[in-house]
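Novice: Dropping in data_23.txt, with compact mmCIF, C-alpha atoms.
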# COMPACT_ATOMS: atom_id res chain seq x y z
CA GLN R 382 59.89 71.15 141.99
CA THR R 383 56.75 72.50 140.34
CA ASP R 384 56.63 75.37 142.80
CA GLU R 385 60.24 76.24 141.96
CA PHE R 386 59.42 76.41 138.24
CA ALA R 387 56.43 78.62 138.99
CA ALA R 388 58.60 80.90 141.10
CA GLN R 389 61.23 81.12 138.35
CA ALA R 390 58.55 81.87 135.76
CA GLN R 391 57.77 85.13 137.56
CA TYR R 392 61.36 86.26 137.10
CA LEU R 393 61.48 85.05 133.50
CA LYS R 394 58.46 87.20 132.65
CA PHE R 395 60.58 90.19 133.63
CA TYR R 396 63.93 89.09 132.19
CA TRP R 397 62.73 88.01 128.73
CA PRO R 398 61.43 91.49 127.74
CA LEU R 399 64.54 93.05 129.25
CA ILE R 400 66.81 90.77 127.21
CA GLY R 401 64.77 91.46 124.06
CA VAL R 402 65.03 95.21 124.50
CA SER R 403 68.75 94.88 125.17
CA ILE R 404 69.31 92.86 121.97
CA VAL R 405 67.32 95.32 119.85
CA ALA R 406 69.15 98.30 121.37
CA THR R 407 72.52 96.63 120.74
CA LEU R 408 71.66 95.95 117.11
CA LEU R 409 70.48 99.52 116.55
CA ARG R 410 73.56 100.94 118.25
CA SER R 411 75.96 98.79 116.23
CA GLU R 412 74.16 99.53 112.95
CA TRP R 413 74.08 103.26 113.64
CA CYS R 414 77.75 103.46 114.65
CA VAL R 415 79.07 101.33 111.78
CA THR R 416 76.86 102.90 109.08
CA GLY R 417 77.45 106.41 110.39
CA GLY R 418 81.21 105.82 110.55
CA MET R 419 81.32 104.54 106.97
CA ARG R 420 79.21 107.46 105.74
CA ALA R 421 81.36 110.02 107.56
CA THR R 422 84.60 108.45 106.31
CA ARG R 423 83.34 108.38 102.71
CA GLN R 424 82.30 112.03 102.78
CA VAL R 425 85.49 113.23 104.46
CA PHE R 426 87.70 111.22 102.11
CA LYS R 427 85.90 112.44 99.00
CA ALA R 428 86.07 116.08 100.13
CA MET R 429 89.73 115.74 101.09
CA LEU R 430 90.69 114.01 97.83
CA SER R 431 88.84 116.61 95.77
CA SER R 432 90.56 119.46 97.63
CA VAL R 433 94.02 117.94 97.18
CA MET R 434 93.53 117.11 93.50
CA LEU R 435 92.27 120.63 92.74
CA ALA R 436 94.90 122.37 94.86
CA PRO R 437 97.45 124.62 93.06
CA MET R 438 101.14 123.71 92.86
CA SER R 439 101.97 126.28 95.53
CA TYR R 440 100.05 124.12 98.01
CA PHE R 441 102.41 121.17 97.45
CA GLU R 442 105.43 123.45 97.66
CA THR R 443 104.46 124.80 101.10
CA VAL R 444 102.75 121.79 102.74
CA PRO R 445 105.03 118.84 103.65
CA LEU R 446 104.27 115.56 101.93
CA GLY R 447 104.11 113.77 105.28
CA ARG R 448 101.24 115.97 106.42
CA ILE R 449 99.25 115.09 103.29
CA LEU R 450 99.99 111.39 103.76
CA ASN R 451 98.98 111.68 107.41
CA ARG R 452 95.57 113.03 106.40
CA PHE R 453 94.96 110.16 104.01
CA THR R 454 96.22 107.43 106.37
CA TYR R 455 96.01 108.21 110.08
CA ASP R 456 93.09 110.65 109.98
CA THR R 457 91.12 108.34 107.69
CA ASP R 458 91.78 105.44 110.06
CA ILE R 459 90.57 107.53 112.99
CA THR R 460 87.34 108.41 111.18
CA ASP R 461 86.80 104.89 109.87
CA VAL R 462 87.73 102.76 112.91
CA THR R 463 88.33 104.73 116.10
CA GLN R 464 85.45 107.20 115.89
CA PRO R 465 82.69 104.52 115.53
CA GLN R 466 84.18 102.64 118.46
CA ILE R 467 84.25 105.78 120.59
CA MET R 468 80.66 106.60 119.66
CA SER R 469 79.63 103.07 120.62
CA PHE R 470 81.45 103.37 123.96
CA LEU R 471 79.80 106.75 124.54
CA ILE R 472 76.31 105.32 124.05
CA ILE R 473 77.11 102.36 126.32
CA SER R 474 78.55 104.61 129.04
CA CYS R 475 75.60 107.01 128.94
CA SER R 476 73.08 104.16 129.12
CA TRP R 477 74.94 102.55 132.02
CA TYR R 478 75.11 105.89 133.82
CA VAL R 479 71.38 106.58 133.44
CA ALA R 480 70.45 103.02 134.41
CA GLY R 481 72.80 103.10 137.39
CA VAL R 482 71.40 106.38 138.70
CA ILE R 483 67.81 105.12 138.35
CA VAL R 484 68.56 101.82 140.10
CA GLN R 485 70.47 103.46 142.94
CA ILE R 486 67.79 106.07 143.59
CA TRP R 487 65.06 103.41 143.42
CA ILE R 488 66.81 101.11 145.92
CA LEU R 489 68.38 103.76 148.15
CA PRO R 490 66.92 107.26 147.69
CA TRP R 491 69.50 108.70 150.07
CA SER R 492 72.22 107.95 147.50
CA ILE R 493 71.08 111.04 145.58
CA LEU R 494 73.04 113.04 148.18
CA VAL R 495 76.27 111.70 146.69
CA LEU R 496 75.13 111.22 143.10
CA VAL R 497 74.44 114.93 142.53
CA PRO R 498 77.90 116.23 143.59
CA VAL R 499 79.67 113.33 141.87
CA SER R 500 77.79 114.04 138.64
CA ALA R 501 78.77 117.70 138.93
CA MET R 502 82.40 116.66 139.42
CA TYR R 503 82.15 114.44 136.34
CA TRP R 504 81.04 117.42 134.29
CA ILE R 505 83.76 119.71 135.70
CA LEU R 506 86.46 117.13 134.96
CA LEU R 507 85.13 116.69 131.44
CA LEU R 508 85.25 120.42 130.76
CA HIS R 509 88.74 120.65 132.27
CA TYR R 510 89.99 117.80 130.08
CA ARG R 511 88.48 119.38 126.97
CA PHE R 512 90.77 122.39 127.41
CA SER R 513 93.88 120.28 126.76
CA GLY R 514 92.84 116.89 125.34
CA PRO R 515 92.08 117.98 121.72
CA ASP R 516 95.23 120.11 121.58
CA LEU R 517 97.39 117.22 122.77
CA GLN R 518 95.83 114.96 120.15
CA ARG R 519 96.47 117.61 117.49
CA ILE R 520 100.13 117.88 118.57
CA ASP R 521 100.43 114.10 118.32
CA ALA R 522 99.08 114.19 114.75
CA MET R 523 101.36 117.10 113.78
CA THR R 524 104.49 115.38 115.11
CA ARG R 525 103.59 112.22 113.18
CA SER R 526 103.70 114.05 109.84
CA PRO R 527 107.52 114.51 109.79
CA LEU R 528 107.95 110.75 110.30
CA GLN R 529 105.99 109.89 107.19
CA SER R 530 107.61 112.74 105.24
CA MET R 531 111.14 111.63 106.18
CA LEU R 532 110.33 108.01 105.42
CA SER R 533 109.07 108.81 101.91
CA GLU R 534 112.01 111.15 101.25
CA CYS R 535 114.53 108.54 102.38
CA LEU R 536 112.97 105.90 100.14
CA GLU R 537 113.04 108.24 97.15
CA GLY R 538 116.56 109.56 97.80
CA ASN R 539 118.10 106.32 98.99
CA ALA R 540 120.80 106.36 96.29
CA SER R 541 121.83 109.94 97.02
CA ILE R 542 121.97 109.32 100.78
CA ARG R 543 124.28 106.36 100.32
CA ALA R 544 126.41 108.16 97.73
CA PHE R 545 127.13 111.06 100.13
CA HIS R 546 127.44 108.74 103.19
CA GLN R 547 124.61 110.46 105.08
CA ASN R 548 123.10 107.28 106.51
CA GLU R 549 123.90 108.07 110.13
CA ASN R 550 122.72 111.68 109.76
CA PHE R 551 119.30 110.65 108.48
CA VAL R 552 119.00 107.90 111.10
CA ASN R 553 119.69 110.43 113.87
CA ARG R 554 117.14 112.84 112.42
CA PHE R 555 114.55 110.10 112.17
CA ASN R 556 115.22 108.99 115.76
CA GLY R 557 114.83 112.57 116.92
CA ALA R 558 111.48 112.85 115.15
CA VAL R 559 110.38 109.55 116.73
CA ASP R 560 111.33 110.87 120.18
CA VAL R 561 109.32 114.05 119.64
CA ASN R 562 106.27 112.07 118.49
CA SER R 563 106.63 109.62 121.38
CA SER R 564 106.72 112.53 123.83
CA ALA R 565 103.56 114.02 122.34
CA LEU R 566 101.80 110.65 122.41
CA LEU R 567 102.89 110.08 126.01
CA ASN R 568 101.43 113.44 127.05
CA TYR R 569 98.14 112.62 125.31
CA VAL R 570 97.89 109.18 126.92
CA SER R 571 98.83 110.66 130.32
CA ALA R 572 96.00 113.18 130.02
CA GLN R 573 93.59 110.36 129.26
CA ARG R 574 94.78 108.38 132.26
CA TRP R 575 94.53 111.53 134.41
CA LEU R 576 90.86 111.78 133.51
CA GLY R 577 90.25 108.02 133.84
CA LEU R 578 91.82 107.86 137.30
CA ARG R 579 89.64 110.64 138.68
CA ILE R 580 86.49 109.17 137.17
CA GLU R 581 87.28 105.81 138.78
CA VAL R 582 87.91 107.51 142.12
CA LEU R 583 84.55 109.30 141.95
CA GLY R 584 82.84 106.01 141.12
CA SER R 585 84.54 104.43 144.14
CA VAL R 586 83.25 107.27 146.31
CA VAL R 587 79.67 106.51 145.23
CA ILE R 588 80.12 102.81 146.07
CA LEU R 589 81.74 103.68 149.42
CA VAL R 590 78.95 106.02 150.50
CA SER R 591 76.23 103.58 149.41
CA THR R 592 77.91 100.72 151.26
CA VAL R 593 78.33 102.76 154.43
CA LEU R 594 74.67 103.77 154.33
CA LEU R 595 73.62 100.13 153.87
CA VAL R 596 75.80 98.87 156.71
CA CYS R 597 75.07 101.62 159.21
CA LEU R 598 71.41 102.40 158.48
CA ASN R 599 70.01 99.13 157.22
CA ASP R 600 67.83 98.88 160.35
CA ILE R 601 65.99 101.95 159.06
CA PHE R 602 66.00 101.20 155.32
CA GLN R 603 65.22 97.46 155.65
CA ILE R 604 66.86 96.64 152.29
CA GLU R 605 67.09 92.98 151.34
CA ALA R 606 70.43 91.34 150.64
CA GLY R 607 69.71 90.88 146.93
CA LEU R 608 68.83 94.54 146.44
CA ALA R 609 71.88 95.57 148.44
CA GLY R 610 74.08 93.50 146.13
CA LEU R 611 72.40 95.01 143.09
CA LEU R 612 72.99 98.50 144.47
CA ILE R 613 76.69 97.87 144.97
CA VAL R 614 77.16 96.22 141.57
CA TRP R 615 75.39 99.03 139.69
Could you rewrite the structure in this file as structure tokens?
Specialist:
Amino acid sequence: QTDEFAAQAQYLKFYWPLIGVSIVATLLRSEWCVTGGMRATRQVFKAMLSSVMLAPMSYFETVPLGRILNRFTYDTDITDVTQPQIMSFLIISCSWYVAGVIVQIWILPWSILVLVPVSAMYWILLLHYRFSGPDLQRIDAMTRSPLQSMLSECLEGNASIRAFHQNENFVNRFNGAVDVNSSALLNYVSAQRWLGLRIEVLGSVVILVSTVLLVCLNDIFQIEAGLAGLLIVW
């Protein structure tokens, strides 16, 4: 039993610093993302509010009310909530990618033969997605503005709509605007899934090649079972 504790102590000497660094990095990442998101949201909101309050009357005559409401609601929510989460996920993904590449090359140097082309394919897919992804997101935001504009107009002109018996007309218009926004959102989500599917396939290719090399050439590499499992997991 004493020998087992001594053997475990060797591993604990390695894991304790690793856990400490991981905790500190997580705290710094969370603090940076949350504080940066709040700072960015505050600056954008103040600049946007100042621009709208100082805008001439012609601005409100030409710009739909729903578009203004969309800037103060949906866009603010994106900056305040979604953007810090995405930044956090980006840092996590980059750290996992760098750690995974280092571990795989350290355990199986031959895996660099598949890591280089897969990394190049990652970059090509990212550039290809950037050509359409932001535009699809912009279309989704633009088609959401008529919904908020129609909703506010219907609430303000509720008495007139009922007096002229235009309930069904406004309901059909609102349903049409919902269909247009749903189509734009579906295209945006489909583009995201298009990118996600190909990234997952490339990751599966890396695991497949590493596993085949371990199974077929383990007599040459002489890799232990624990390291082989670590290679496949990472």
Novice: Which distance in Å separates atom CA of R:Glu605 and atom CA of R:Tyr392, to one decimal?
Specialist: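 Atom CA of R:Tyr392 lies 16.8 Å from atom CA of R:Glu605.
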Novice: Need to verify the contact set: R:Ser530, 6 Å, all atoms listed in the file, exclusion of same-chain residues closer than 3 positions in sequence. Can you return it as a list in words?
Specialist: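 Residues near the query, excluding close chain neighbours: Leu446, Gly447, Pro527 and Ser533 of chain R.
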Novice: Fewer than 5 positions away in the same chain doesn't count, so skip those; otherwise give me all residues within 12 Å of R:Asn556, counting only C-alpha atoms, as a list of chain:residue names.
Specialist: R:Pro527, R:Leu528, R:Met531, R:Leu532, R:Glu549, R:Asn550, R:Phe551, R:Val561, R:Asn562, R:Ser563
Novice: Residues of stretch 537-615 of chain R within 10 Å of stretch 513-517 of chain R: nearest atom pair and distance (Å, one decimal) for each, counting all atoms listed in the file, sorted by chain and number, as a Markdown table?
Specialist:
| residue | atom | partner | partner_atom | distance |
| --- | --- | --- | --- | --- |
| R:Ala565 | CA | R:Leu517 | CA | 7.0 |
| R:Leu566 | CA | R:Leu517 | CA | 7.9 |
| R:Leu567 | CA | R:Leu517 | CA | 9.6 |
| R:Asn568 | CA | R:Leu517 | CA | 7.0 |
| R:Tyr569 | CA | R:Leu517 | CA | 5.3 |
| R:Val570 | CA | R:Leu517 | CA | 9.1 |
| R:Ser571 | CA | R:Gly514 | CA | 10.0 |
| R:Ala572 | CA | R:Gly514 | CA | 6.8 |
| R:Gln573 | CA | R:Gly514 | CA | 7.7 |
| R:Leu576 | CA | R:Gly514 | CA | 9.8 |
Novice: Box in all listed atoms of stretch 505-515 of chain R, axis-aligned, with 3 Å more on each side; write out centre and edge lengths in Å to one decimal as JSON.
Specialist:
{"center_x": 88.8, "center_y": 119.5, "center_z": 128.7, "size_x": 16.1, "size_y": 11.7, "size_z": 20.0}
Novice: Report, in Å to a single decimal, how far apart atom CA of R:Thr460 and atom CA of R:Val425 are.
Specialist: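 These two atoms are separated by 8.5 Å.
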Novice: So that I can see what lies close to stretch 429-435 of chain R, please list as a ChimeraX atom specification the residues with an atom at most 12 Å from it, counting only C-alpha atoms and leaving out residues fewer than 2 positions away in the same chain.
Specialist: /R:422-427,437-441,444,446,448-454,456-457
